[in-house]
$ cat query27.cif   # mmCIF, C-alpha atoms and all ligand atoms
data_structure
#
loop_
_atom_site.group_PDB
_atom_site.id
_atom_site.type_symbol
_atom_site.label_atom_id
_atom_site.label_comp_id
_atom_site.auth_asym_id
_atom_site.auth_seq_id
_atom_site.Cartn_x
_atom_site.Cartn_y
_atom_site.Cartn_z
ATOM 1 C CA MET Z 1 46.548 128.084 125.176
ATOM 2 C CA SER Z 2 49.376 128.252 122.669
ATOM 3 C CA ASP Z 3 48.356 131.794 121.721
ATOM 4 C CA ALA Z 4 49.553 133.126 125.077
ATOM 5 C CA LEU Z 5 52.062 135.930 124.842
ATOM 6 C CA LEU Z 6 53.044 135.632 128.487
ATOM 7 C CA ARG Z 7 52.497 132.492 130.463
ATOM 8 C CA LEU Z 8 53.236 131.782 134.107
ATOM 9 C CA ASP Z 9 53.146 128.162 135.131
ATOM 10 C CA GLY Z 10 53.350 127.334 138.831
ATOM 11 C CA VAL Z 11 55.601 130.293 139.577
ATOM 12 C CA GLY Z 12 56.686 130.932 143.139
ATOM 13 C CA ILE Z 13 59.294 132.604 145.289
ATOM 14 C CA ARG Z 14 60.145 132.431 148.969
ATOM 15 C CA PHE Z 15 61.776 135.141 151.023
ATOM 16 C CA GLY Z 16 63.120 133.234 154.008
ATOM 17 C CA GLY Z 17 60.056 131.681 155.603
ATOM 18 C CA LEU Z 18 57.598 133.737 153.589
ATOM 19 C CA GLN Z 19 56.046 132.332 150.421
ATOM 20 C CA ALA Z 20 55.520 135.720 148.775
ATOM 21 C CA VAL Z 21 54.184 134.142 145.569
ATOM 22 C CA GLY Z 22 53.206 130.500 145.246
ATOM 23 C CA ASP Z 23 52.014 128.237 142.461
ATOM 24 C CA LEU Z 24 50.934 131.194 140.347
ATOM 25 C CA SER Z 25 49.643 130.338 136.887
ATOM 26 C CA PHE Z 26 47.949 132.612 134.395
ATOM 27 C CA SER Z 27 48.499 133.928 130.921
ATOM 28 C CA VAL Z 28 48.166 137.097 128.883
ATOM 29 C CA ARG Z 29 47.230 136.866 125.228
ATOM 30 C CA GLN Z 30 48.300 139.323 122.576
ATOM 31 C CA GLY Z 31 46.286 142.543 122.706
ATOM 32 C CA GLN Z 32 44.688 141.586 126.007
ATOM 33 C CA VAL Z 33 44.538 143.741 129.134
ATOM 34 C CA VAL Z 34 44.862 141.592 132.236
ATOM 35 C CA GLY Z 35 44.478 142.924 135.762
ATOM 36 C CA LEU Z 36 46.332 141.482 138.737
ATOM 37 C CA ILE Z 37 44.558 142.443 141.931
ATOM 38 C CA GLY Z 38 44.710 141.541 145.598
ATOM 39 C CA PRO Z 39 44.997 143.177 149.000
ATOM 40 C CA ASN Z 40 48.143 144.966 150.205
ATOM 41 C CA GLY Z 41 51.029 142.564 150.533
ATOM 42 C CA ALA Z 42 49.318 139.915 148.381
ATOM 43 C CA GLY Z 43 52.397 139.542 146.181
ATOM 44 C CA LYS Z 44 51.457 141.624 143.135
ATOM 45 C CA THR Z 45 54.659 143.635 142.850
ATOM 46 C CA THR Z 46 56.650 140.502 143.602
ATOM 47 C CA ALA Z 47 54.893 138.760 140.705
ATOM 48 C CA PHE Z 48 55.914 141.672 138.459
ATOM 49 C CA ASN Z 49 59.481 141.438 139.735
ATOM 50 C CA LEU Z 50 59.480 137.752 138.836
ATOM 51 C CA ILE Z 51 58.167 138.415 135.332
ATOM 52 C CA THR Z 52 60.641 141.229 134.679
ATOM 53 C CA GLY Z 53 63.622 139.287 135.997
ATOM 54 C CA VAL Z 54 64.283 141.331 139.132
ATOM 55 C CA TYR Z 55 63.789 138.106 141.093
ATOM 56 C CA ARG Z 56 64.473 134.598 139.917
ATOM 57 C CA PRO Z 57 61.559 132.278 140.740
ATOM 58 C CA SER Z 58 62.296 129.479 143.162
ATOM 59 C CA GLU Z 59 59.820 127.344 141.268
ATOM 60 C CA GLY Z 60 57.799 127.346 138.077
ATOM 61 C CA ARG Z 61 58.278 128.548 134.554
ATOM 62 C CA ILE Z 62 57.707 131.835 132.747
ATOM 63 C CA GLU Z 63 57.275 131.882 128.975
ATOM 64 C CA LEU Z 64 57.137 134.711 126.487
ATOM 65 C CA ASP Z 65 55.711 133.539 123.168
ATOM 66 C CA GLY Z 66 56.381 129.956 124.126
ATOM 67 C CA ARG Z 67 60.031 130.708 124.888
ATOM 68 C CA ASP Z 68 61.298 129.935 128.369
ATOM 69 C CA ILE Z 69 62.477 133.220 129.921
ATOM 70 C CA THR Z 70 62.629 131.952 133.515
ATOM 71 C CA GLY Z 71 65.624 133.396 135.321
ATOM 72 C CA TRP Z 72 66.647 135.730 132.486
ATOM 73 C CA ALA Z 73 68.322 138.991 133.482
ATOM 74 C CA PRO Z 74 66.077 142.112 133.434
ATOM 75 C CA HIS Z 75 67.787 143.738 130.425
ATOM 76 C CA ARG Z 76 67.356 140.572 128.394
ATOM 77 C CA ILE Z 77 63.683 140.367 129.276
ATOM 78 C CA ALA Z 78 63.280 144.038 128.319
ATOM 79 C CA ARG Z 79 64.944 143.350 124.999
ATOM 80 C CA ALA Z 80 62.509 140.497 124.456
ATOM 81 C CA GLY Z 81 59.682 143.035 124.715
ATOM 82 C CA ILE Z 82 58.508 143.335 128.315
ATOM 83 C CA PHE Z 83 58.582 146.882 129.696
ATOM 84 C CA ARG Z 84 57.251 148.179 132.982
ATOM 85 C CA THR Z 85 56.481 151.154 135.128
ATOM 86 C CA PHE Z 86 57.032 151.134 138.876
ATOM 87 C CA GLN Z 87 54.740 151.478 141.870
ATOM 88 C CA THR Z 88 56.605 154.631 142.909
ATOM 89 C CA ILE Z 89 57.656 157.105 140.246
ATOM 90 C CA ARG Z 90 61.171 156.668 138.943
ATOM 91 C CA LEU Z 91 62.085 159.566 136.705
ATOM 92 C CA PHE Z 92 65.268 161.533 136.155
ATOM 93 C CA TYR Z 93 64.450 164.781 137.923
ATOM 94 C CA GLY Z 94 66.323 167.786 136.593
ATOM 95 C CA GLN Z 95 65.937 166.378 133.068
ATOM 96 C CA THR Z 96 63.319 167.238 130.494
ATOM 97 C CA VAL Z 97 60.369 165.088 129.530
ATOM 98 C CA LEU Z 98 62.054 164.444 126.185
ATOM 99 C CA VAL Z 99 65.271 163.202 127.777
ATOM 100 C CA ASN Z 100 63.369 160.990 130.206
ATOM 101 C CA VAL Z 101 61.457 159.333 127.398
ATOM 102 C CA LEU Z 102 64.589 159.028 125.254
ATOM 103 C CA ALA Z 103 66.088 157.004 128.097
ATOM 104 C CA GLY Z 104 63.492 154.334 127.365
ATOM 105 C CA LEU Z 105 65.004 153.904 123.921
ATOM 106 C CA HIS Z 106 68.560 153.136 124.910
ATOM 107 C CA LEU Z 107 67.990 149.432 124.467
ATOM 108 C CA GLN Z 108 67.090 149.998 120.850
ATOM 109 C CA THR Z 109 69.860 152.305 119.706
ATOM 110 C CA ARG Z 110 72.308 150.781 117.335
ATOM 111 C CA GLN Z 111 75.166 153.085 118.244
ATOM 112 C CA HIS Z 112 78.192 152.078 120.305
ATOM 113 C CA TRP Z 113 79.381 154.127 123.232
ATOM 114 C CA TRP Z 114 82.467 155.355 121.352
ATOM 115 C CA GLN Z 115 80.301 156.766 118.563
ATOM 116 C CA GLY Z 116 78.732 158.960 121.211
ATOM 117 C CA LEU Z 117 82.160 160.308 122.143
ATOM 118 C CA LEU Z 118 83.209 160.940 118.563
ATOM 119 C CA GLY Z 119 79.893 162.423 117.526
ATOM 120 C CA THR Z 120 79.942 160.571 114.203
ATOM 121 C CA PRO Z 121 77.478 161.528 111.466
ATOM 122 C CA PHE Z 122 75.795 158.171 112.008
ATOM 123 C CA GLN Z 123 75.317 158.941 115.667
ATOM 124 C CA ARG Z 124 73.970 162.427 114.994
ATOM 125 C CA ARG Z 125 71.546 161.149 112.379
ATOM 126 C CA GLU Z 126 70.313 158.462 114.730
ATOM 127 C CA GLU Z 127 69.874 161.012 117.531
ATOM 128 C CA VAL Z 128 67.727 163.207 115.274
ATOM 129 C CA GLU Z 129 65.613 160.216 114.258
ATOM 130 C CA LEU Z 130 65.119 159.160 117.848
ATOM 131 C CA ARG Z 131 64.105 162.620 119.002
ATOM 132 C CA ALA Z 132 61.538 162.813 116.197
ATOM 133 C CA LYS Z 133 60.159 159.461 117.282
ATOM 134 C CA VAL Z 134 59.888 160.624 120.887
ATOM 135 C CA ARG Z 135 58.125 163.863 119.913
ATOM 136 C CA GLU Z 136 55.610 161.888 117.884
ATOM 137 C CA LEU Z 137 54.782 159.686 120.859
ATOM 138 C CA LEU Z 138 54.610 162.701 123.181
ATOM 139 C CA ALA Z 139 52.073 164.284 120.863
ATOM 140 C CA ARG Z 140 49.961 161.134 120.930
ATOM 141 C CA LEU Z 141 50.009 161.153 124.734
ATOM 142 C CA GLU Z 142 49.309 164.888 124.846
ATOM 143 C CA LEU Z 143 52.673 165.561 126.419
ATOM 144 C CA ASP Z 144 54.082 167.559 123.509
ATOM 145 C CA THR Z 145 53.460 170.927 125.157
ATOM 146 C CA VAL Z 146 55.679 169.961 128.104
ATOM 147 C CA ALA Z 147 58.345 168.107 126.111
ATOM 148 C CA ASP Z 148 61.108 170.525 127.064
ATOM 149 C CA GLU Z 149 60.146 171.021 130.677
ATOM 150 C CA ASP Z 150 61.864 169.509 133.674
ATOM 151 C CA VAL Z 151 59.800 166.486 134.771
ATOM 152 C CA ALA Z 152 60.117 167.680 138.370
ATOM 153 C CA SER Z 153 57.992 170.733 137.536
ATOM 154 C CA LEU Z 154 55.060 168.678 136.229
ATOM 155 C CA PRO Z 155 51.950 167.731 138.177
ATOM 156 C CA TYR Z 156 51.911 164.174 139.431
ATOM 157 C CA GLY Z 157 49.470 162.893 136.814
ATOM 158 C CA LEU Z 158 51.699 164.079 133.989
ATOM 159 C CA GLN Z 159 54.792 162.571 135.605
ATOM 160 C CA ARG Z 160 52.964 159.262 135.609
ATOM 161 C CA ARG Z 161 52.213 159.703 131.925
ATOM 162 C CA VAL Z 162 55.879 160.431 131.196
ATOM 163 C CA GLU Z 163 56.736 157.077 132.776
ATOM 164 C CA LEU Z 164 54.189 155.436 130.535
ATOM 165 C CA ALA Z 165 55.714 157.185 127.514
ATOM 166 C CA ARG Z 166 59.166 155.978 128.508
ATOM 167 C CA ALA Z 167 57.921 152.387 128.577
ATOM 168 C CA LEU Z 168 55.939 152.769 125.339
ATOM 169 C CA ILE Z 169 58.728 154.335 123.295
ATOM 170 C CA ALA Z 170 60.536 151.005 123.335
ATOM 171 C CA LYS Z 171 57.569 149.420 121.523
ATOM 172 C CA PRO Z 172 56.918 146.728 124.094
ATOM 173 C CA ARG Z 173 54.955 143.598 123.325
ATOM 174 C CA LEU Z 174 53.846 143.496 126.931
ATOM 175 C CA LEU Z 175 53.464 146.574 129.088
ATOM 176 C CA ILE Z 176 53.474 145.985 132.829
ATOM 177 C CA LEU Z 177 51.987 148.744 134.978
ATOM 178 C CA ASP Z 178 52.262 148.744 138.768
ATOM 179 C CA GLU Z 179 49.492 150.930 140.205
ATOM 180 C CA PRO Z 180 49.478 153.503 137.397
ATOM 181 C CA ALA Z 181 46.409 155.269 138.816
ATOM 182 C CA ALA Z 182 47.800 155.690 142.337
ATOM 183 C CA GLY Z 183 47.551 159.363 143.290
ATOM 184 C CA LEU Z 184 45.614 160.354 140.169
ATOM 185 C CA ASN Z 185 42.445 162.419 140.349
ATOM 186 C CA ASP Z 186 39.263 161.273 138.588
ATOM 187 C CA GLN Z 187 40.009 163.101 135.359
ATOM 188 C CA GLU Z 188 43.564 161.820 135.258
ATOM 189 C CA SER Z 189 42.469 158.262 135.888
ATOM 190 C CA ALA Z 190 39.830 158.540 133.138
ATOM 191 C CA ALA Z 191 42.601 159.732 130.804
ATOM 192 C CA LEU Z 192 44.701 156.768 131.916
ATOM 193 C CA ASN Z 193 41.857 154.413 130.995
ATOM 194 C CA ARG Z 194 41.769 155.862 127.504
ATOM 195 C CA THR Z 195 45.527 155.564 127.148
ATOM 196 C CA ILE Z 196 45.525 151.923 128.233
ATOM 197 C CA LEU Z 197 42.794 151.099 125.727
ATOM 198 C CA ALA Z 198 44.674 152.957 122.987
ATOM 199 C CA VAL Z 199 47.795 150.968 123.803
ATOM 200 C CA ARG Z 200 45.824 147.751 123.607
ATOM 201 C CA ASP Z 201 44.382 148.800 120.264
ATOM 202 C CA GLN Z 202 47.934 148.931 118.928
ATOM 203 C CA GLY Z 203 48.200 145.231 119.709
ATOM 204 C CA ILE Z 204 50.278 145.688 122.857
ATOM 205 C CA SER Z 205 49.284 143.488 125.768
ATOM 206 C CA VAL Z 206 48.953 145.084 129.168
ATOM 207 C CA LEU Z 207 49.340 143.535 132.601
ATOM 208 C CA LEU Z 208 48.158 145.847 135.290
ATOM 209 C CA VAL Z 209 48.250 145.996 139.071
ATOM 210 C CA GLU Z 210 45.755 148.524 140.305
ATOM 211 C CA HIS Z 211 43.709 149.262 143.397
ATOM 212 C CA ASP Z 212 41.498 151.788 141.607
ATOM 213 C CA MET Z 213 38.536 149.643 140.610
ATOM 214 C CA ASN Z 214 37.329 152.281 138.162
ATOM 215 C CA VAL Z 215 40.417 151.494 136.149
ATOM 216 C CA VAL Z 216 40.498 147.752 136.752
ATOM 217 C CA MET Z 217 36.835 147.085 136.016
ATOM 218 C CA ASN Z 218 36.704 149.286 132.932
ATOM 219 C CA VAL Z 219 39.824 148.389 130.982
ATOM 220 C CA THR Z 220 40.595 144.755 131.701
ATOM 221 C CA ASP Z 221 39.490 141.744 129.679
ATOM 222 C CA ASN Z 222 40.468 139.349 132.399
ATOM 223 C CA ILE Z 223 41.383 139.644 136.067
ATOM 224 C CA VAL Z 224 43.534 137.451 138.260
ATOM 225 C CA CYS Z 225 43.043 137.931 141.998
ATOM 226 C CA ILE Z 226 45.720 136.796 144.421
ATOM 227 C CA ASN Z 227 45.857 136.671 148.197
ATOM 228 C CA PHE Z 228 48.860 135.598 150.246
ATOM 229 C CA GLY Z 229 50.713 135.026 146.979
ATOM 230 C CA ARG Z 230 48.217 132.540 145.592
ATOM 231 C CA LYS Z 231 45.543 132.836 142.962
ATOM 232 C CA ILE Z 232 42.077 132.787 144.495
ATOM 233 C CA ALA Z 233 40.009 133.749 141.459
ATOM 234 C CA GLU Z 234 40.288 134.478 137.764
ATOM 235 C CA GLY Z 235 37.801 135.667 135.182
ATOM 236 C CA THR Z 236 36.016 138.601 133.614
ATOM 237 C CA PRO Z 237 35.556 141.818 135.611
ATOM 238 C CA GLU Z 238 31.917 140.847 136.133
ATOM 239 C CA HIS Z 239 32.885 137.441 137.481
ATOM 240 C CA ILE Z 240 35.522 138.885 139.803
ATOM 241 C CA ARG Z 241 33.302 141.652 141.093
ATOM 242 C CA ASN Z 242 30.831 139.111 142.435
ATOM 243 C CA HIS Z 243 33.310 136.471 143.545
ATOM 244 C CA PRO Z 244 32.801 135.674 147.259
ATOM 245 C CA GLN Z 245 36.473 134.942 147.952
ATOM 246 C CA VAL Z 246 37.566 138.150 146.273
ATOM 247 C CA ILE Z 247 35.109 140.169 148.316
ATOM 248 C CA GLU Z 248 36.249 138.413 151.469
ATOM 249 C CA ALA Z 249 39.925 138.990 150.673
ATOM 250 C CA TYR Z 250 39.289 142.704 150.306
ATOM 251 C CA LEU Z 251 37.020 142.987 153.332
ATOM 252 C CA GLY Z 252 39.108 140.760 155.554
ATOM 253 C CA LYS Z 253 37.600 137.908 157.469
ATOM 254 C CA ASP Z 254 35.270 138.977 160.211
ATOM 255 C CA ASP Z 255 36.378 137.402 163.508
ATOM 256 C CA ASP Z 256 33.195 138.227 165.332
ATOM 257 C CA GLU Z 257 30.633 135.665 164.213
ATOM 258 C CA ASP Z 258 27.817 137.579 165.857
ATOM 259 C CA ASP Z 259 28.575 140.840 164.168
ATOM 260 C CA VAL Z 260 25.434 141.421 162.146
ATOM 261 C CA GLN Z 261 26.912 144.587 160.708
ATOM 262 C CA ALA Z 262 29.013 142.661 158.216
ATOM 263 C CA PRO Z 263 27.902 143.983 154.835
ATOM 264 C CA VAL Z 264 26.207 141.563 152.509
ATOM 265 C CA SER Z 265 26.850 143.778 149.523
ATOM 266 C CA ARG Z 266 30.253 144.188 148.004
ATOM 267 C CA PRO Z 267 32.699 146.802 149.258
ATOM 268 C CA ALA Z 268 32.481 150.215 147.667
ATOM 269 C CA HIS Z 269 35.800 150.044 145.881
ATOM 270 C CA LEU Z 270 34.790 146.770 144.205
ATOM 271 C CA ALA Z 271 31.440 148.179 143.242
ATOM 272 C CA ALA Z 272 33.052 151.204 141.587
ATOM 273 C CA GLY Z 273 32.837 151.391 137.838
ATOM 274 C CA GLY Z 274 29.868 149.065 137.916
ATOM 275 C CA GLY Z 275 28.532 150.316 134.611
ATOM 276 C CA GLY Z 276 31.174 148.419 132.702
ATOM 277 C CA ALA Z 277 32.104 149.785 129.230
HETATM 278 N N1 LIG Y 1 62.651 141.524 148.794
HETATM 279 C C1 LIG Y 1 61.817 141.060 149.725
HETATM 280 N N2 LIG Y 1 62.284 140.413 150.813
HETATM 281 C C2 LIG Y 1 61.440 139.928 151.755
HETATM 282 N N3 LIG Y 1 60.100 140.024 151.681
HETATM 283 C C3 LIG Y 1 59.576 140.650 150.624
HETATM 284 C C4 LIG Y 1 60.397 141.203 149.587
HETATM 285 N N4 LIG Y 1 59.586 141.764 148.661
HETATM 286 C C5 LIG Y 1 58.332 141.590 149.092
HETATM 287 N N5 LIG Y 1 58.319 140.913 150.256
HETATM 288 C C6 LIG Y 1 57.124 140.498 151.008
HETATM 289 O O1 LIG Y 1 56.321 139.752 150.112
HETATM 290 C C7 LIG Y 1 54.948 140.025 150.320
HETATM 291 C C8 LIG Y 1 54.333 140.540 149.025
HETATM 292 O O2 LIG Y 1 54.791 141.867 148.794
HETATM 293 P P1 LIG Y 1 54.425 142.691 147.491
HETATM 294 O O3 LIG Y 1 55.177 143.951 147.534
HETATM 295 O O4 LIG Y 1 54.617 141.827 146.304
HETATM 296 O O5 LIG Y 1 52.864 142.958 147.715
HETATM 297 P P2 LIG Y 1 51.851 143.802 146.828
HETATM 298 O O6 LIG Y 1 50.734 142.892 146.494
HETATM 299 O O7 LIG Y 1 52.561 144.474 145.719
HETATM 300 O O8 LIG Y 1 51.336 144.869 147.907
HETATM 301 P P3 LIG Y 1 50.900 146.422 147.714
HETATM 302 O O9 LIG Y 1 49.474 146.391 147.238
HETATM 303 O O10 LIG Y 1 50.997 146.969 149.095
HETATM 304 O O11 LIG Y 1 51.841 147.060 146.751
HETATM 305 C C9 LIG Y 1 54.882 141.011 151.473
HETATM 306 O O12 LIG Y 1 54.657 140.286 152.646
HETATM 307 C C10 LIG Y 1 56.251 141.655 151.456
HETATM 308 O O13 LIG Y 1 56.599 142.111 152.735
HETATM 309 MG MG MG Y 2 52.889 146.427 145.200
#
$ encode --input "query27.cif" --output "structure tokens"
Amino acid sequence: MSDALLRLDGVGIRFGGLQAVGDLSFSVRQGQVVGLIGPNGAGKTTAFNLITGVYRPSEGRIELDGRDITGWAPHRIARAGIFRTFQTIRLFYGQTVLVNVLAGLHLQTRQHWWQGLLGTPFQRREEVELRAKVRELLARLELDTVADEDVASLPYGLQRRVELARALIAKPRLLILDEPAAGLNDQESAALNRTILAVRDQGISVLLVEHDMNVVMNVTDNIVCINFGRKIAEGTPEHIRNHPQVIEAYLGKDDDEDDVQAPVSRPAHLAAGGGGA
């Protein structure tokens, strides 16, 4: 247990009368891809907002590398190595891909704001270094050909990849992705799978919310399923795929006891990606 990179212990938050997340415990080890799944409104994004410091938990403890980060401000958590993408795209439209990805580096720059105004040699040298670093990452993500284009002109799948690049450029220890495959076509989501696995192979841990079971079942080592803010199952993709409570949470409970139409087999979106690999 001590080898956990991220650990949540009994984490919860209430919004008025609603327990959006309650008693949530799980961990992510270094180099592991963990999926967080659950029906709409289950509390997945809220859990991410708790981990990244957008919300302060009303109970429980969050640790990064054994260090208590509960209640830390978002910028401090980012500095500690947790970076994220958002459920809806947040890019600077009207700016190039390069500039958007550079923005992900601002936490790392050593320069002070006044050096930017003066345009000191130090600042210029650092700028050149940073741009080279960004171009290298863009090449790895096959974004180099669009580096100087306005992000607004790119197809949706590439915009998503630019967001990923912006999070990766900061060399996170933990990458948190909120529905990265939403809106992607099959080819784009297959490319996303490869990217996630490549990220993991660099030793970066990934925590992923995703409804696309082709992504979830094929890239995760471990899955945590929540419903109404609480964990209902945890385990390997194979375990989760066949878990009765998970299937029920996705199907919804059938009110009509006599309805013989209720499928015995799992829902299609859980069955997707059944081949594993
Ligand atoms: N800031 C907030 N204030 C009040 N209620 C909130 C707030 N944020 C989320 N909620 C509520 O908490 C619950 C969990 O929402 P959340 O967005 O975390 O779900 P989700 O699992 O990400 O759903 P989806 O799959 O639709 O993205 C919902 O009932 C939502 O309405
Ligand atoms: Mg969400």
$ atom_distance --input "query27.cif" --atom1 "CA of Ile196 in chain Z" --atom2 "CA of Arg160 in chain Z"
12.8 Å
$ resolve_selection --input "query27.cif" --expression "the PyMOL selection byres (((not hetatm)) within 8 of (chain Y and resi 1))" --output "list in words"
Phe15, Gly16, Leu18, Gln19, Ala20, Val21, Ile37, Gly38, Pro39, Asn40, Gly41, Ala42, Gly43, Lys44, Thr45, Thr46, Ala47, Phe48, Gln87, Glu179, His211, Phe228 and Gly229 of chain Z
$ resolve_selection --input "query27.cif" --expression "the PyMOL selection byres (((chain Z and resi 91) around 10) and not hetatm)" --output "ChimeraX atom specification"
/Z:88-90,92-97,100-101,103,151-152,159-160,162-163,166
$ closest_residue --input "query27.cif" --among "Z:Leu36, Z:Leu184, Z:Ala132, Z:Ala191" --to "ligand MG 2 (chain Y)" --atoms "only C-alpha atoms and all ligand atoms"
Z:Leu36
$ atom_distance --input "query27.cif" --atom1 "CA of Pro57 in chain Z" --atom2 "CA of Pro74 in chain Z"
13.1 Å
$ axis_aligned_box --input "query27.cif" --around "range 184-192 of chain Z" --padding-each-side "5 Å" --output "AutoDock Vina command-line options"
--center_x 42.4 --center_y 159.9 --center_z 135.6 --size_x 16.4 --size_y 16.3 --size_z 19.5
$ closest_residue --input "query27.cif" --among "Z:Arg61, Z:Arg125, Z:Arg14, Z:His106" --to "His75 in chain Z" --atoms "only C-alpha atoms"
Z:His106
$ decode --input "query27.cif" --residues "range 73-91 of chain Z" --atoms "N, CA and C atoms" --output "tab-separated table (two decimals), in the first residue's frame"
chain	number	residue	atom	x	y	z
Z	73	ALA	N	-4.28	24.23	-2.57
Z	73	ALA	CA	-4.79	25.01	-3.70
Z	73	ALA	C	-4.40	24.32	-5.01
Z	74	PRO	N	-5.20	24.52	-6.08
Z	74	PRO	CA	-4.94	23.83	-7.35
Z	74	PRO	C	-3.52	24.05	-7.90
Z	75	HIS	N	-3.00	25.27	-7.82
Z	75	HIS	CA	-1.66	25.50	-8.40
Z	75	HIS	C	-0.59	24.73	-7.64
Z	76	ARG	N	-0.81	24.56	-6.34
Z	76	ARG	CA	0.17	23.84	-5.54
Z	76	ARG	C	0.13	22.35	-5.86
Z	77	ILE	N	-1.06	21.86	-6.08
Z	77	ILE	CA	-1.22	20.45	-6.45
Z	77	ILE	C	-0.61	20.20	-7.83
Z	78	ALA	N	-0.80	21.16	-8.75
Z	78	ALA	CA	-0.19	21.04	-10.08
Z	78	ALA	C	1.33	21.02	-9.95
Z	79	ARG	N	1.86	21.90	-9.14
Z	79	ARG	CA	3.30	21.92	-8.94
Z	79	ARG	C	3.82	20.61	-8.37
Z	80	ALA	N	2.99	19.97	-7.57
Z	80	ALA	CA	3.39	18.69	-6.97
Z	80	ALA	C	3.34	17.55	-7.99
Z	81	GLY	N	2.74	17.82	-9.17
Z	81	GLY	CA	2.83	16.83	-10.25
Z	81	GLY	C	1.53	16.25	-10.74
Z	82	ILE	N	0.39	16.83	-10.35
Z	82	ILE	CA	-0.88	16.33	-10.86
Z	82	ILE	C	-1.43	17.31	-11.90
Z	83	PHE	N	-1.56	16.83	-13.13
Z	83	PHE	CA	-2.11	17.67	-14.21
Z	83	PHE	C	-3.33	17.00	-14.79
Z	84	ARG	N	-4.22	17.83	-15.37
Z	84	ARG	CA	-5.50	17.28	-15.82
Z	84	ARG	C	-5.91	17.86	-17.16
Z	85	THR	N	-6.86	17.17	-17.78
Z	85	THR	CA	-7.62	17.77	-18.87
Z	85	THR	C	-9.08	17.81	-18.40
Z	86	PHE	N	-9.89	18.59	-19.12
Z	86	PHE	CA	-11.25	18.82	-18.66
Z	86	PHE	C	-12.27	18.09	-19.53
Z	87	GLN	N	-13.46	17.91	-18.95
Z	87	GLN	CA	-14.52	17.19	-19.66
Z	87	GLN	C	-14.91	17.94	-20.94
Z	88	THR	N	-14.95	19.27	-20.87
Z	88	THR	CA	-15.18	20.05	-22.09
Z	88	THR	C	-13.87	20.77	-22.42
Z	89	ILE	N	-13.59	20.86	-23.70
Z	89	ILE	CA	-12.30	21.41	-24.14
Z	89	ILE	C	-12.09	22.82	-23.61
Z	90	ARG	N	-10.91	23.05	-23.09
Z	90	ARG	CA	-10.54	24.40	-22.67
Z	90	ARG	C	-9.21	24.76	-23.32
Z	91	LEU	N	-9.31	25.40	-24.47
Z	91	LEU	CA	-8.09	25.82	-25.17
Z	91	LEU	C	-8.17	27.31	-25.42
